[in-house]
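Single-structure report; data block below.
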Protein chains: 2
Amino acid sequence: MTDIAATSAPPANLGAGTAGGRPRVVVIGGGFGGLAAVRALHDAAVDVTLIDRTNHHLFQPLLYQVATGALSPANIASPLRGILRKQRNARVILGAVTEIDVDGRTVRGTSFEAPYDILVIASGARHHYFGHDAEWEQFAPGLKTIADATDMRRRILGAFERAEEATDPDQQREWLTFVVVGAGPTGVELAGALGEIARDALRDNFRTIDPGDARIYLLEGVGQVLPSYHPKLARKAQRDLERLGVEVQTETLVTGIEPGRVTVRQGAEERTIAAHTVLWAAGVQASPLGRLVAEGAGAEVDRAGRVIVQPDLSVPGHPEVLVVGDLARVTGDDGEPLPGVAPVAIQQGQYAAARIRRGLTLGGEPFHYRDRGKMATIGRGSAVAEIGPVRLSGLIGWFAWLGIHLFWLTEFENRLLVFTQWAWNYLTKARSARLIIGRPPDSSRDAPR
Amino acid sequence: MTDIAATSAPPANLGAGTAGGRPRVVVIGGGFGGLAAVRALHDAAVDVTLIDRTNHHLFQPLLYQVATGALSPANIASPLRGILRKQRNARVILGAVTEIDVDGRTVRGTSFEAPYDILVIASGARHHYFGHDAEWEQFAPGLKTIADATDMRRRILGAFERAEEATDPDQQREWLTFVVVGAGPTGVELAGALGEIARDALRDNFRTIDPGDARIYLLEGVGQVLPSYHPKLARKAQRDLERLGVEVQTETLVTGIEPGRVTVRQGAEERTIAAHTVLWAAGVQASPLGRLVAEGAGAEVDRAGRVIVQPDLSVPGHPEVLVVGDLARVTGDDGEPLPGVAPVAIQQGQYAAARIRRGLTLGGEPFHYRDRGKMATIGRGSAVAEIGPVRLSGLIGWFAWLGIHLFWLTEFENRLLVFTQWAWNYLTKARSARLIIGRPPDSSRDAPR
């Protein structure tokens, strides 16, 4: 099989539909996985169509900084059309996919129809409430999109406003109590940022309350924060969180979320935390497109809705349909499913592109994840990182975190602006992107619905 | 009468209500006028309460840059609590005013009650459709708040998206047609920015359309753009707008706005422009609080809803109620009402504070506006400025505009970030804050309601 990049002949195994033209590659989702696939096809003799519901690629690992007022949405989001403007073989459709016709090889949406020869599905995951979506989501928002982040910011800053105007001391305390559910990287980062907001950024901002009185609970079901990290790093992270005033509670399961109240089980004991602001950083569920394509192709999804793909990321029986990123269930070297993190998605997107360039034959070589490490930040001057056998923490970990995140930001300009903003935030302990857009939470939330 | 700043005794003419304590000053509105009043009272022996519906002060003159994707909302908005955190005699209430009890000297709102000895009303103006508010506002949004700006941005960027996916050439052309109503500074700046978006920022972003084909109409009822400027500067501004592809139509009155269509009258002739995106930069109407206070105090408002105040900015019969900024109708040296611009509001706020510091006696010295000039920008490297007898245009005008706007931005950090962003935009002709948040306009807008 010849390389598509070198010849413009369509690969034989793409079947009908190319009509003698260049193979049509449709990519659903402009996150890390989908965008990596599109970019890696930049010099391939294919026509690429990227479909996304938003007009921007989002640097999700920094979303918690938007939610906590340290960065503006535009700092971590780049317009997809701008990123791809010089890639002449790629076009972008802004729209939502409503149907994937696996047999007819066509993706349909609200206002478009995109026939394909090869389909790459990279629509990612949403947060997930373990069967309680309908009840819990309204009270405990998660963090996956810009809209989620500005909503979370509105709730966090609005809670301090409500505490300031509360006349009842119980109400005041409840508005000053924050619960973060789940102590993976996002939960740890959110809780640390909340600690900094309460102790530093809002200092002297109020006249009735002292934001430093805020109580921040970080709840985790298993026995340590950052469950996937080495216990020694997890202990360091917990110590740094506690220095920021965060109350870490491990072995703690959330059993109920109601307006103003979170119920948790610790061992045999059940107790209640009175809090108006609950932030969800626990489970995620794959995008509904996973189920859609699995049904159409006769494939299977796992409990989290991820498509169980072949080692070459294709859907069983459909070599022309590849799934990458959080939507794909792929088993790693350790026998566990690969985690839903950006490096996995990027490498899978690049792998998918490499397979497409070779006409979907890659000698059966399966996808293999090269784990380059992981890191999470706790606050100003504190982060933990695990890079192979190397474990970093504290200030050194934080500088490593800073450097790598600045390096990875998609557009150079964003890097420049984020660096300027971070430098300023670091020097002043301020958070200037503290706009409340839309209505702050009000006491009608307290009433049962 | 002694100075309040020097003694803490309440001035005698404040009447009852101070109860022997420090005079209570309530300021409604944290825009240029209200904030200037609060800050100028920083060392006065008064207790200041600032009430605003949003949690931020907004640098409105740069709002069009948020609407056109050049800046992020947080770049031009500073949290009021942050600005006032070191001013210990000031507190901030986030809420909407629903009642001004002039006789009982109390302001009431959704969740608060604020008794006052002195009231400063600075609630500004909204856009206004000359009696067509209910019909026109939904199709032709104005630009006064952050939410207005992000809505306008969504419509502008969404229109290019809709043009890209349109299959009917007429629909495509209508999505690529933009109408800006009103050629005052905001209209000129919006139209110029639209020209730059179409010609530079979106270049190569689309595959079906060429954004450079966009038609941008700037409509003005009188005989020149920038009606309050010298005709020579207005001609230069018009020439620079035309270089950016803007079609300027003066002596043109809008008589109808419907989905997809604007009707205009030029002399005796009526014609129609088929356009899906109409931006409103014409009339403004004072905040409804003007009427509210006028009714309570037996005062009058003018046609634009502005309170007709005494030369000392007080409401007739109520020396303890001052009105500043866009809400006040004050006659200037030329016999015309002072314009609704930031410098007028700031000087009035400072004047109000000076009167309050002197116990509301100022020897009858009326407010006097010192006009330091005005300026409007057309695009990259082009602005017009009128500073006394000096008239600047082109690149020199633009540098003057840049410098003054950077100087005036409230917080140093914003200046740094805005400068970084502007420098980047200038060098690359890019606009990176191009996020569409929320749904882009869809064809349901085309259907009559």
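In the structure tokens, the first chain shown is A, the next is B, and so on; residue numbers restart at 1 for each chain, and ligands run from 1 in the order shown.
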
**OP:** Within 8 Å of segment 104-115 of chain B, counting only C-alpha atoms, which residues show up once you throw out same-chain ones fewer than 2 positions away? Write them as a PyMOL selection string, please.
**Re:** (chain A and resi 165) or (chain B and resi 24+26+49+95-102+117)

Expected file: the selected residues, N, CA and C atoms, as a tab-separated table (two decimals), in the first residue's frame:
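Written output follows (result.tsv):
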chain	number	residue	atom	x	y	z
A	165	GLU	N	-24.36	39.52	52.18
A	165	GLU	CA	-25.65	40.16	52.44
A	165	GLU	C	-26.54	39.35	53.38
B	24	ARG	N	-24.44	59.12	55.87
B	24	ARG	CA	-24.50	57.93	55.02
B	24	ARG	C	-24.72	58.37	53.58
B	26	VAL	N	-25.22	57.10	49.80
B	26	VAL	CA	-25.52	55.95	48.96
B	26	VAL	C	-25.31	56.37	47.51
B	49	THR	N	-22.03	53.69	50.54
B	49	THR	CA	-22.53	52.41	50.04
B	49	THR	C	-22.73	52.53	48.54
B	95	GLY	N	-26.76	44.35	43.62
B	95	GLY	CA	-28.21	44.17	43.57
B	95	GLY	C	-28.86	45.24	42.72
B	96	ALA	N	-30.13	45.03	42.42
B	96	ALA	CA	-30.87	45.97	41.58
B	96	ALA	C	-31.77	46.83	42.45
B	97	VAL	N	-31.80	48.13	42.17
B	97	VAL	CA	-32.66	49.05	42.91
B	97	VAL	C	-34.07	48.96	42.35
B	98	THR	N	-35.04	48.81	43.24
B	98	THR	CA	-36.43	48.74	42.79
B	98	THR	C	-37.23	49.95	43.26
B	99	GLU	N	-36.73	50.65	44.30
B	99	GLU	CA	-37.50	51.77	44.83
B	99	GLU	C	-36.56	52.82	45.42
B	100	ILE	N	-36.87	54.09	45.10
B	100	ILE	CA	-36.14	55.19	45.76
B	100	ILE	C	-37.19	55.98	46.53
B	101	ASP	N	-37.12	55.90	47.84
B	101	ASP	CA	-38.07	56.59	48.70
B	101	ASP	C	-37.44	57.94	49.07
B	102	VAL	N	-37.79	58.96	48.29
B	102	VAL	CA	-37.14	60.26	48.46
B	102	VAL	C	-37.51	60.90	49.80
B	117	ASP	N	-28.33	59.66	53.91
B	117	ASP	CA	-28.43	61.09	54.18
B	117	ASP	C	-28.21	61.86	52.87

Hey, could you make a per-residue contact list for chain B against chain A with 8 Å as the cut-off, showing the nearest pair of atoms and its distance in Å to one decimal, counting only C-alpha atoms, sorted by chain and number, as a tab-separated table?
residue	atom	partner	partner_atom	distance
B:Thr54	CA	A:Ile436	CA	7.1
B:Asn55	CA	A:Ile436	CA	6.3
B:His56	CA	A:Leu435	CA	6.6
B:Ser72	CA	A:Ala74	CA	6.5
B:Pro73	CA	A:Ser72	CA	7.8
B:Ala74	CA	A:Ala433	CA	5.1
B:Asn75	CA	A:Ala433	CA	8.0
B:Ala77	CA	A:Leu435	CA	7.5
B:Ser78	CA	A:Ser432	CA	7.0
B:Pro79	CA	A:Arg434	CA	6.4
B:Arg81	CA	A:Asn205	CA	5.0
B:Gly82	CA	A:Asn205	CA	5.9
B:Leu84	CA	A:Asn205	CA	7.4
B:Arg85	CA	A:Asn205	CA	4.8
B:Lys86	CA	A:Asp204	CA	6.9
B:Arg91	CA	A:Arg207	CA	6.4
B:Val92	CA	A:Phe206	CA	7.8
B:Ile93	CA	A:Glu165	CA	7.8
B:Leu94	CA	A:Glu161	CA	7.1
B:Ser111	CA	A:Glu165	CA	7.9
B:Phe112	CA	A:Glu165	CA	7.8
B:Ile146	CA	A:Ile437	CA	7.7
B:Ala147	CA	A:Ile437	CA	7.1
B:Glu161	CA	A:Leu94	CA	7.1
B:Glu165	CA	A:Phe112	CA	7.7
B:Leu202	CA	A:Gly82	CA	7.5
B:Arg203	CA	A:Arg85	CA	7.9
B:Asp204	CA	A:Arg85	CA	5.2
B:Asn205	CA	A:Arg85	CA	4.8
B:Phe206	CA	A:Arg81	CA	7.1
B:Arg207	CA	A:Arg91	CA	6.3
B:Glu413	CA	A:Trp424	CA	7.1
B:Leu416	CA	A:Thr420	CA	7.9
B:Leu417	CA	A:Leu417	CA	6.8
B:Thr420	CA	A:Leu417	CA	6.9
B:Gln421	CA	A:Leu417	CA	7.1
B:Trp424	CA	A:Glu413	CA	7.1
B:Ser432	CA	A:Ser78	CA	6.9
B:Ala433	CA	A:Ala74	CA	5.1
B:Arg434	CA	A:Pro79	CA	6.4
B:Leu435	CA	A:His56	CA	6.5
B:Ile436	CA	A:Asn55	CA	6.3
B:Ile437	CA	A:Ala147	CA	7.0
B:Gly438	CA	A:Ala147	CA	7.8

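Distance-wise, atom CA of Glu242 of chain A and atom CA of Leu218 of chain A end up 10.1 Å apart.
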
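Using only C-alpha atoms for every distance, the candidate list B:Arg235, B:Val25, B:Arg215, B:Ser314 yields B:Val25 as the residue closest to His42 of chain B.
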
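For Phe178 of chain B, the non-local neighbours within 8 Å, defined as residues at least 3 positions apart in the same chain or in other chains and counting only C-alpha atoms, are Trp175, Ala214, Arg215, Ile216, Tyr217, Ala275, His276, Thr277, Val278 and Leu279 of chain B.
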
Any chance you can output those residues with N, CA and C atoms as a PDB file, in the first residue's frame?
ATOM      1  N   TRP B 175     -26.348  36.895   5.009  1.00  0.00           N
ATOM      2  CA  TRP B 175     -25.555  36.642   6.215  1.00  0.00           C
ATOM      3  C   TRP B 175     -24.249  37.420   6.186  1.00  0.00           C
ATOM      4  N   ALA B 214     -17.850  40.526   2.582  1.00  0.00           N
ATOM      5  CA  ALA B 214     -18.875  41.096   3.462  1.00  0.00           C
ATOM      6  C   ALA B 214     -19.140  42.544   3.098  1.00  0.00           C
ATOM      7  N   ARG B 215     -20.433  42.947   3.178  1.00  0.00           N
ATOM      8  CA  ARG B 215     -20.801  44.345   2.975  1.00  0.00           C
ATOM      9  C   ARG B 215     -21.179  44.924   4.322  1.00  0.00           C
ATOM     10  N   ILE B 216     -20.608  46.061   4.614  1.00  0.00           N
ATOM     11  CA  ILE B 216     -20.843  46.701   5.905  1.00  0.00           C
ATOM     12  C   ILE B 216     -21.416  48.089   5.642  1.00  0.00           C
ATOM     13  N   TYR B 217     -22.667  48.300   6.055  1.00  0.00           N
ATOM     14  CA  TYR B 217     -23.302  49.602   5.896  1.00  0.00           C
ATOM     15  C   TYR B 217     -23.234  50.354   7.215  1.00  0.00           C
ATOM     16  N   ALA B 275     -30.267  42.096   5.200  1.00  0.00           N
ATOM     17  CA  ALA B 275     -29.142  41.816   6.099  1.00  0.00           C
ATOM     18  C   ALA B 275     -29.633  41.066   7.320  1.00  0.00           C
ATOM     19  N   HIS B 276     -28.846  40.077   7.758  1.00  0.00           N
ATOM     20  CA  HIS B 276     -29.249  39.321   8.942  1.00  0.00           C
ATOM     21  C   HIS B 276     -28.677  39.908  10.226  1.00  0.00           C
ATOM     22  N   THR B 277     -27.671  40.770  10.093  1.00  0.00           N
ATOM     23  CA  THR B 277     -27.027  41.274  11.306  1.00  0.00           C
ATOM     24  C   THR B 277     -27.107  42.794  11.348  1.00  0.00           C
ATOM     25  N   VAL B 278     -27.834  43.295  12.321  1.00  0.00           N
ATOM     26  CA  VAL B 278     -28.024  44.733  12.477  1.00  0.00           C
ATOM     27  C   VAL B 278     -27.522  45.113  13.870  1.00  0.00           C
ATOM     28  N   LEU B 279     -26.625  46.082  13.933  1.00  0.00           N
ATOM     29  CA  LEU B 279     -26.067  46.493  15.221  1.00  0.00           C
ATOM     30  C   LEU B 279     -26.508  47.924  15.498  1.00  0.00           C
TER      31      LEU B 279
END

**OP:** Do a neighbour search on Leu327 of chain B at 12 Å with only C-alpha atoms, toss out local chain neighbours closer than 3 positions, and write the hits as an MDAnalysis selection string.
**Re:** chainID B and resid 28:29 31:34 120:126 284:294 301:309 313 315 322:324 330 337:341 344:345 348:349

Could those residues be written to a file, using C-alpha atoms, as a PDB file, in the first residue's frame?
ATOM      1  CA  ILE B  28     -26.315  53.994  42.751  1.00  0.00           C
ATOM      2  CA  GLY B  29     -24.212  52.775  39.829  1.00  0.00           C
ATOM      3  CA  GLY B  31     -19.868  53.356  36.167  1.00  0.00           C
ATOM      4  CA  PHE B  32     -17.572  56.307  35.536  1.00  0.00           C
ATOM      5  CA  GLY B  33     -19.710  58.827  37.437  1.00  0.00           C
ATOM      6  CA  GLY B  34     -20.611  56.749  40.466  1.00  0.00           C
ATOM      7  CA  VAL B 120     -25.916  60.078  44.330  1.00  0.00           C
ATOM      8  CA  ILE B 121     -27.704  58.518  41.370  1.00  0.00           C
ATOM      9  CA  ALA B 122     -25.413  57.454  38.539  1.00  0.00           C
ATOM     10  CA  SER B 123     -27.274  54.626  36.897  1.00  0.00           C
ATOM     11  CA  GLY B 124     -26.496  55.755  33.339  1.00  0.00           C
ATOM     12  CA  ALA B 125     -28.310  54.973  30.129  1.00  0.00           C
ATOM     13  CA  ARG B 126     -29.330  52.078  27.925  1.00  0.00           C
ATOM     14  CA  VAL B 284     -29.731  56.071  24.214  1.00  0.00           C
ATOM     15  CA  GLN B 285     -32.341  56.405  26.934  1.00  0.00           C
ATOM     16  CA  ALA B 286     -31.577  57.214  30.560  1.00  0.00           C
ATOM     17  CA  SER B 287     -32.020  54.488  33.163  1.00  0.00           C
ATOM     18  CA  PRO B 288     -35.587  54.100  34.519  1.00  0.00           C
ATOM     19  CA  LEU B 289     -34.328  55.246  37.930  1.00  0.00           C
ATOM     20  CA  GLY B 290     -34.389  58.788  36.493  1.00  0.00           C
ATOM     21  CA  ARG B 291     -38.151  58.714  36.143  1.00  0.00           C
ATOM     22  CA  LEU B 292     -38.460  56.962  39.503  1.00  0.00           C
ATOM     23  CA  VAL B 293     -36.605  59.680  41.390  1.00  0.00           C
ATOM     24  CA  ALA B 294     -38.224  62.473  39.417  1.00  0.00           C
ATOM     25  CA  VAL B 301     -37.148  64.424  33.006  1.00  0.00           C
ATOM     26  CA  ASP B 302     -36.389  65.312  29.401  1.00  0.00           C
ATOM     27  CA  ARG B 303     -37.399  63.287  26.355  1.00  0.00           C
ATOM     28  CA  ALA B 304     -34.413  60.966  26.784  1.00  0.00           C
ATOM     29  CA  GLY B 305     -35.455  60.280  30.378  1.00  0.00           C
ATOM     30  CA  ARG B 306     -32.645  62.358  31.885  1.00  0.00           C
ATOM     31  CA  VAL B 307     -33.374  64.171  35.148  1.00  0.00           C
ATOM     32  CA  ILE B 308     -33.320  67.950  34.699  1.00  0.00           C
ATOM     33  CA  VAL B 309     -31.093  68.922  37.604  1.00  0.00           C
ATOM     34  CA  LEU B 313     -26.517  68.589  40.027  1.00  0.00           C
ATOM     35  CA  VAL B 315     -32.765  67.429  42.106  1.00  0.00           C
ATOM     36  CA  LEU B 322     -27.535  64.436  43.292  1.00  0.00           C
ATOM     37  CA  VAL B 323     -27.640  63.020  39.782  1.00  0.00           C
ATOM     38  CA  VAL B 324     -24.450  62.532  37.742  1.00  0.00           C
ATOM     39  CA  VAL B 330     -27.023  69.500  32.407  1.00  0.00           C
ATOM     40  CA  PRO B 337     -26.993  69.403  26.951  1.00  0.00           C
ATOM     41  CA  LEU B 338     -23.614  67.924  27.892  1.00  0.00           C
ATOM     42  CA  PRO B 339     -22.854  64.706  25.965  1.00  0.00           C
ATOM     43  CA  GLY B 340     -23.098  61.278  27.554  1.00  0.00           C
ATOM     44  CA  VAL B 341     -19.378  60.584  27.668  1.00  0.00           C
ATOM     45  CA  VAL B 344     -18.509  64.402  31.824  1.00  0.00           C
ATOM     46  CA  ALA B 345     -19.550  61.604  34.190  1.00  0.00           C
ATOM     47  CA  GLN B 348     -19.643  65.257  37.743  1.00  0.00           C
ATOM     48  CA  GLY B 349     -18.884  62.409  40.142  1.00  0.00           C
TER      49      GLY B 349
END

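The residues of segment 106-208 of chain A that DSSP assigns to strand (DSSP E) on this backbone come out as Thr106, Val107, Arg108, Gly109, Glu113, Ala114, Pro115, Ile118, Leu119, Val120, Ile121, Ala125, Arg126, His127, Thr177, Phe178, Val179, Val180 and Val181 of chain A.
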
Any chance you could export the current selection's N, CA and C atoms as a PDB file, in the first residue's frame?
ATOM      1  N   THR A 106     -22.149   8.284   6.466  1.00  0.00           N
ATOM      2  CA  THR A 106     -22.527   9.694   6.456  1.00  0.00           C
ATOM      3  C   THR A 106     -22.794  10.157   7.895  1.00  0.00           C
ATOM      4  N   VAL A 107     -22.303  11.351   8.198  1.00  0.00           N
ATOM      5  CA  VAL A 107     -22.598  11.975   9.481  1.00  0.00           C
ATOM      6  C   VAL A 107     -23.602  13.080   9.214  1.00  0.00           C
ATOM      7  N   ARG A 108     -24.687  13.126  10.015  1.00  0.00           N
ATOM      8  CA  ARG A 108     -25.685  14.163   9.807  1.00  0.00           C
ATOM      9  C   ARG A 108     -25.805  15.019  11.059  1.00  0.00           C
ATOM     10  N   GLY A 109     -26.147  16.265  10.834  1.00  0.00           N
ATOM     11  CA  GLY A 109     -26.283  17.173  11.970  1.00  0.00           C
ATOM     12  C   GLY A 109     -27.426  18.120  11.763  1.00  0.00           C
ATOM     13  N   GLU A 113     -24.724  17.696   6.298  1.00  0.00           N
ATOM     14  CA  GLU A 113     -24.619  16.268   6.028  1.00  0.00           C
ATOM     15  C   GLU A 113     -23.208  16.065   5.502  1.00  0.00           C
ATOM     16  N   ALA A 114     -22.460  15.166   6.117  1.00  0.00           N
ATOM     17  CA  ALA A 114     -21.059  14.989   5.732  1.00  0.00           C
ATOM     18  C   ALA A 114     -20.771  13.531   5.429  1.00  0.00           C
ATOM     19  N   PRO A 115     -20.727  13.156   4.123  1.00  0.00           N
ATOM     20  CA  PRO A 115     -20.351  11.784   3.782  1.00  0.00           C
ATOM     21  C   PRO A 115     -18.855  11.574   4.016  1.00  0.00           C
ATOM     22  N   ILE A 118     -13.519   7.875   5.679  1.00  0.00           N
ATOM     23  CA  ILE A 118     -12.938   7.494   6.967  1.00  0.00           C
ATOM     24  C   ILE A 118     -13.517   8.441   8.012  1.00  0.00           C
ATOM     25  N   LEU A 119     -13.912   7.883   9.158  1.00  0.00           N
ATOM     26  CA  LEU A 119     -14.505   8.681  10.227  1.00  0.00           C
ATOM     27  C   LEU A 119     -13.639   8.569  11.482  1.00  0.00           C
ATOM     28  N   VAL A 120     -13.314   9.714  12.067  1.00  0.00           N
ATOM     29  CA  VAL A 120     -12.599   9.725  13.348  1.00  0.00           C
ATOM     30  C   VAL A 120     -13.536  10.380  14.368  1.00  0.00           C
ATOM     31  N   ILE A 121     -13.906   9.631  15.398  1.00  0.00           N
ATOM     32  CA  ILE A 121     -14.823  10.170  16.407  1.00  0.00           C
ATOM     33  C   ILE A 121     -14.014  10.524  17.645  1.00  0.00           C
ATOM     34  N   ALA A 125     -15.874  13.426  26.564  1.00  0.00           N
ATOM     35  CA  ALA A 125     -16.699  13.000  27.688  1.00  0.00           C
ATOM     36  C   ALA A 125     -17.302  14.208  28.389  1.00  0.00           C
ATOM     37  N   ARG A 126     -18.373  13.969  29.110  1.00  0.00           N
ATOM     38  CA  ARG A 126     -18.992  14.968  29.982  1.00  0.00           C
ATOM     39  C   ARG A 126     -18.899  14.455  31.410  1.00  0.00           C
ATOM     40  N   HIS A 127     -19.148  15.341  32.375  1.00  0.00           N
ATOM     41  CA  HIS A 127     -19.189  14.830  33.741  1.00  0.00           C
ATOM     42  C   HIS A 127     -20.430  13.975  33.925  1.00  0.00           C
ATOM     43  N   THR A 177     -19.490  27.912  52.689  1.00  0.00           N
ATOM     44  CA  THR A 177     -19.004  26.536  52.688  1.00  0.00           C
ATOM     45  C   THR A 177     -19.043  25.982  51.261  1.00  0.00           C
ATOM     46  N   PHE A 178     -17.916  25.454  50.844  1.00  0.00           N
ATOM     47  CA  PHE A 178     -17.766  24.941  49.478  1.00  0.00           C
ATOM     48  C   PHE A 178     -17.392  23.470  49.548  1.00  0.00           C
ATOM     49  N   VAL A 179     -18.026  22.670  48.722  1.00  0.00           N
ATOM     50  CA  VAL A 179     -17.716  21.244  48.697  1.00  0.00           C
ATOM     51  C   VAL A 179     -17.249  20.885  47.290  1.00  0.00           C
ATOM     52  N   VAL A 180     -16.056  20.320  47.194  1.00  0.00           N
ATOM     53  CA  VAL A 180     -15.562  19.824  45.913  1.00  0.00           C
ATOM     54  C   VAL A 180     -15.623  18.307  45.975  1.00  0.00           C
ATOM     55  N   VAL A 181     -16.355  17.707  45.040  1.00  0.00           N
ATOM     56  CA  VAL A 181     -16.530  16.257  45.054  1.00  0.00           C
ATOM     57  C   VAL A 181     -15.543  15.628  44.074  1.00  0.00           C
TER      58      VAL A 181
END

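Across the structure, atom CA of Ile387 of chain A and atom CA of Ala400 of chain A are spaced 10.5 Å apart.
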
Original post:
Which of these residues is nearest to Ala281 of chain A, using only C-alpha atoms: A:Glu247, A:Asp312, A:Glu189, A:Asp371?
Top reply: A:Glu189

Original post:
Just asking: which residues within segment 27-176 of chain A are alpha helix (DSSP H) according to DSSP, as a PyMOL selection string?
Top reply: chain A and resi 32-40+63-67+80-83+133-136+146-165+169-175

Subject >> atom CA of Gly182 of chain B to atom CA of Glu137 of chain B, straight-line distance in Å >> reply: 14.5 Å

All residues 9 Å or closer to Arg380 of chain A, only C-alpha atoms, same chain fewer than 4 positions away omitted, as a compact mmCIF listing (two decimals) with C-alpha atoms, in the first residue's frame:
# COMPACT_ATOMS: atom_id res chain seq x y z
CA GLY A 192 -6.58 24.70 45.98
CA ALA A 193 -7.77 27.62 43.87
CA GLU A 196 -6.40 30.94 47.40
CA LEU A 395 8.02 24.84 44.10
CA TRP A 398 5.16 24.05 40.22
CA TYR A 426 1.74 35.53 41.17
CA LYS A 429 -2.00 37.22 44.57

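For Glu269 of chain B, the non-local neighbours within 12 Å, defined as residues at least 3 positions apart in the same chain or in other chains and counting only C-alpha atoms, are Glu251, Thr252, Leu253, Val254, Thr255, Thr263, Val264, Arg265, Gln266 and Thr272 of chain B.
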
**OP:** Tell me, as a PyMOL selection string, which residues lie within 8 Å of Tyr229 of chain B, counting only C-alpha atoms; anything in the same chain fewer than 4 positions away does not count.
**Re:** chain B and resi 233-234+386

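Among the candidates B:Phe419, B:Gly256, B:Ala342, B:Leu409, the residue lying nearest to Arg271 of chain B is B:Gly256 (atoms considered: only C-alpha atoms).
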